[in-house]
Amino acid sequence: MLDRITASLSSLAPAEQRVAKLVLADPRAFARLPVRELAERAHVSKPTVVRFCRSMGYDGLADFKLKLAGSVSEGVPFIHRSVDVDDKTGDVLVKVVDNAVAAFLQYRNAASTVALERAAEAITSTWRAGKRIEFYGAGNSGFVAQDAQHKFFRLGVTSIATSDGHIQVMSATLLGPGDCAVIISNSGRTRDLMDAAEITRKNGATTIAITASGSPLASACNIHLAADHPEGYDRYSPMVSRLLHLLVIDVLATCVALRIGPSLQPILQQMKENLRAKRYA
């Protein structure tokens, strides 16, 4: 979209060119500012701002800003800007959020719906059969495992979450056909998680990996939900791998909830009422 605006500059009227240059200078600001301030910054009238948007093929300013915001977000390169020592708080805010948004967009565009469907069906089948569902993680992924247990518990799906390697290996030993283990790791190379995955699969249980593509853990499990987020440690880079894994769990839990169907609704309603009754006024 920005390339198209650049290519159209010479064909625009001088006043509209000033609006175009304002867009190119700071597209994020243009997408969020009101027409009055945009007109003041470009030194044009408010109708000129609207005319520019229409000359670019959009219905008006609102439509243009909506498409611009989407275009800018889609174009955010993955981990596109590192935080520098001289950054102000506002710069840090933008960079950290942009890195998270970029990771989410990359996942959305690359995620395998087939793998998600297989994983959701495996968890739902395990729950319906009354078998064991377990979530394993280490470090940051251990927190994700606990969050997953919480989310699925809200659906009436009882599970176990553990971040201790010894307990994971012992617990995996107790799993068998019909059971399911969801193993979460950013690198996919953690030894304890690899051991748990190998034991679980050897015992005939279904293994679901939320991890990087091409990692040993991805190959060791029955179902792989690719969540690729390389972290940089030479200079500070926002660590959003845990947020990305939480997002994958959200998608997975929602898919399972839809499979459980209408019977879930009264359970959730009763749960909310019971929790509300325990709160202080």
# chains A, B, ... in the order shown; residues from 1 in each chain; ligands from 1
>>> closest_atom_pairs(of="segment 134-154 of chain A", to="segment 253-261 of chain A", cutoff="12 Å", atoms="only C-alpha atoms", output="CSV")
residue,atom,partner,partner_atom,distance
A:Asp147,CA,A:Ala253,CA,10.9
A:Ala148,CA,A:Ala253,CA,8.0
A:Gln149,CA,A:Ala253,CA,10.0
A:His150,CA,A:Ala253,CA,10.3
A:Lys151,CA,A:Ala253,CA,6.9
A:Phe152,CA,A:Ala253,CA,6.4
A:Phe153,CA,A:Ala253,CA,10.0
A:Arg154,CA,A:Ala253,CA,9.7
>>> atom_distance(atom1="atom CA of Val92 of chain A", atom2="atom CA of Ile210 of chain A")
28.5 Å
>>> closest_atom_pairs(of="segment 90-208 of chain A", to="segment 246-252 of chain A", cutoff="12 Å", atoms="only C-alpha atoms", output="Markdown table")
| residue | atom | partner | partner_atom | distance |
| --- | --- | --- | --- | --- |
| A:Ala100 | CA | A:Leu247 | CA | 10.9 |
| A:Val101 | CA | A:Leu247 | CA | 11.4 |
| A:Ala103 | CA | A:Leu247 | CA | 10.4 |
| A:Phe104 | CA | A:Leu247 | CA | 7.9 |
| A:Leu105 | CA | A:Leu247 | CA | 11.1 |
| A:Tyr107 | CA | A:Val248 | CA | 8.8 |
| A:Arg108 | CA | A:Val248 | CA | 9.7 |
| A:Ala111 | CA | A:Val248 | CA | 9.4 |
| A:Ser112 | CA | A:Val248 | CA | 11.3 |
| A:Thr113 | CA | A:Val251 | CA | 10.4 |
| A:Ala115 | CA | A:Leu252 | CA | 10.3 |
| A:Leu116 | CA | A:Leu252 | CA | 6.7 |
| A:Glu117 | CA | A:Leu252 | CA | 8.5 |
| A:Arg118 | CA | A:Leu252 | CA | 10.1 |
| A:Ala119 | CA | A:Leu252 | CA | 7.5 |
| A:Ala120 | CA | A:Leu252 | CA | 6.0 |
| A:Glu121 | CA | A:Leu252 | CA | 9.8 |
| A:Ala122 | CA | A:Leu252 | CA | 10.8 |
| A:Ile123 | CA | A:Leu252 | CA | 9.2 |
| A:Thr124 | CA | A:Leu252 | CA | 10.4 |
| A:Phe135 | CA | A:Ile249 | CA | 10.6 |
| A:Asn140 | CA | A:Leu246 | CA | 10.5 |
| A:Ser141 | CA | A:Leu246 | CA | 9.1 |
| A:Gly142 | CA | A:Leu246 | CA | 11.1 |
| A:Phe143 | CA | A:Leu246 | CA | 9.2 |
| A:Val144 | CA | A:Leu246 | CA | 6.0 |
| A:Ala145 | CA | A:Leu246 | CA | 8.8 |
| A:Gln146 | CA | A:Leu246 | CA | 10.3 |
| A:Asp147 | CA | A:Leu246 | CA | 7.6 |
| A:Ala148 | CA | A:Ile249 | CA | 6.2 |
| A:Gln149 | CA | A:Ile249 | CA | 9.8 |
| A:His150 | CA | A:Ile249 | CA | 10.7 |
| A:Lys151 | CA | A:Asp250 | CA | 7.8 |
| A:Phe152 | CA | A:Ile249 | CA | 9.3 |
| A:Leu155 | CA | A:Leu252 | CA | 11.9 |
| A:Val182 | CA | A:Ile249 | CA | 9.9 |
| A:Ile183 | CA | A:Ile249 | CA | 11.3 |
| A:Ile184 | CA | A:Ile249 | CA | 9.9 |
| A:Ser185 | CA | A:Leu246 | CA | 11.7 |
| A:Asn186 | CA | A:Leu246 | CA | 11.7 |
| A:Ile208 | CA | A:Leu252 | CA | 11.2 |
>>> closest_residue(among="A:Arg36, A:Lys202, A:Arg191, A:His43", to="Pro14 of chain A", atoms="only C-alpha atoms")
A:His43
>>> select_by_dssp(residues="segment 85-171 of chain A", states="helix (DSSP H, G or I)", output="MDAnalysis selection string")
chainID A and resid 89:110 113:128 140:154 165:171
>>> atom_distance(atom1="atom CA of Pro47 of chain A", atom2="atom CA of Asp59 of chain A")
13.2 Å
>>> select_by_dssp(residues="segment 32-262 of chain A", states="strand (DSSP E)", output="number ranges by chain")
A: 133-137, 160-162, 180-184, 206-211, 223-226
>>> atom_distance(atom1="atom CA of Ala181 of chain A", atom2="atom CA of Pro230 of chain A")
24.2 Å
>>> residues_around(residues="Leu12 of chain A", least_positions_apart="2", cutoff="12 Å", atoms="only C-alpha atoms", output="NGL selection string")
:A and (5-10 or 14-21 or 48 or 51-56)
>>> write_last_selection(atoms="C-alpha atoms", output="mmCIF file, in the first residue's frame")
data_model
loop_
_atom_site.group_PDB
_atom_site.id
_atom_site.type_symbol
_atom_site.label_atom_id
_atom_site.label_comp_id
_atom_site.auth_asym_id
_atom_site.auth_seq_id
_atom_site.Cartn_x
_atom_site.Cartn_y
_atom_site.Cartn_z
ATOM 1 C CA ILE A 5 1.235 5.744 -2.614
ATOM 2 C CA THR A 6 4.883 6.432 -3.463
ATOM 3 C CA ALA A 7 4.329 5.489 -7.096
ATOM 4 C CA SER A 8 1.280 7.798 -7.297
ATOM 5 C CA LEU A 9 2.965 10.903 -5.872
ATOM 6 C CA SER A 10 3.707 12.596 -9.184
ATOM 7 C CA PRO A 14 0.268 19.461 -4.738
ATOM 8 C CA ALA A 15 -2.011 19.587 -1.668
ATOM 9 C CA GLU A 16 -2.717 15.844 -1.912
ATOM 10 C CA GLN A 17 1.010 15.202 -2.255
ATOM 11 C CA ARG A 18 1.502 16.785 1.161
ATOM 12 C CA VAL A 19 -1.029 14.350 2.607
ATOM 13 C CA ALA A 20 0.691 11.437 0.851
ATOM 14 C CA LYS A 21 4.071 12.463 2.271
ATOM 15 C CA THR A 48 -8.224 17.600 0.911
ATOM 16 C CA ARG A 51 -9.957 13.697 -1.474
ATOM 17 C CA PHE A 52 -6.517 12.135 -1.218
ATOM 18 C CA CYS A 53 -7.996 8.948 0.277
ATOM 19 C CA ARG A 54 -10.558 8.749 -2.529
ATOM 20 C CA SER A 55 -7.951 9.416 -5.180
ATOM 21 C CA MET A 56 -6.108 6.356 -3.871
#
>>> closest_residue(among="A:Thr190, A:Ser219, A:Ser11, A:Thr173", to="Gly204 of chain A", atoms="only C-alpha atoms")
A:Thr173
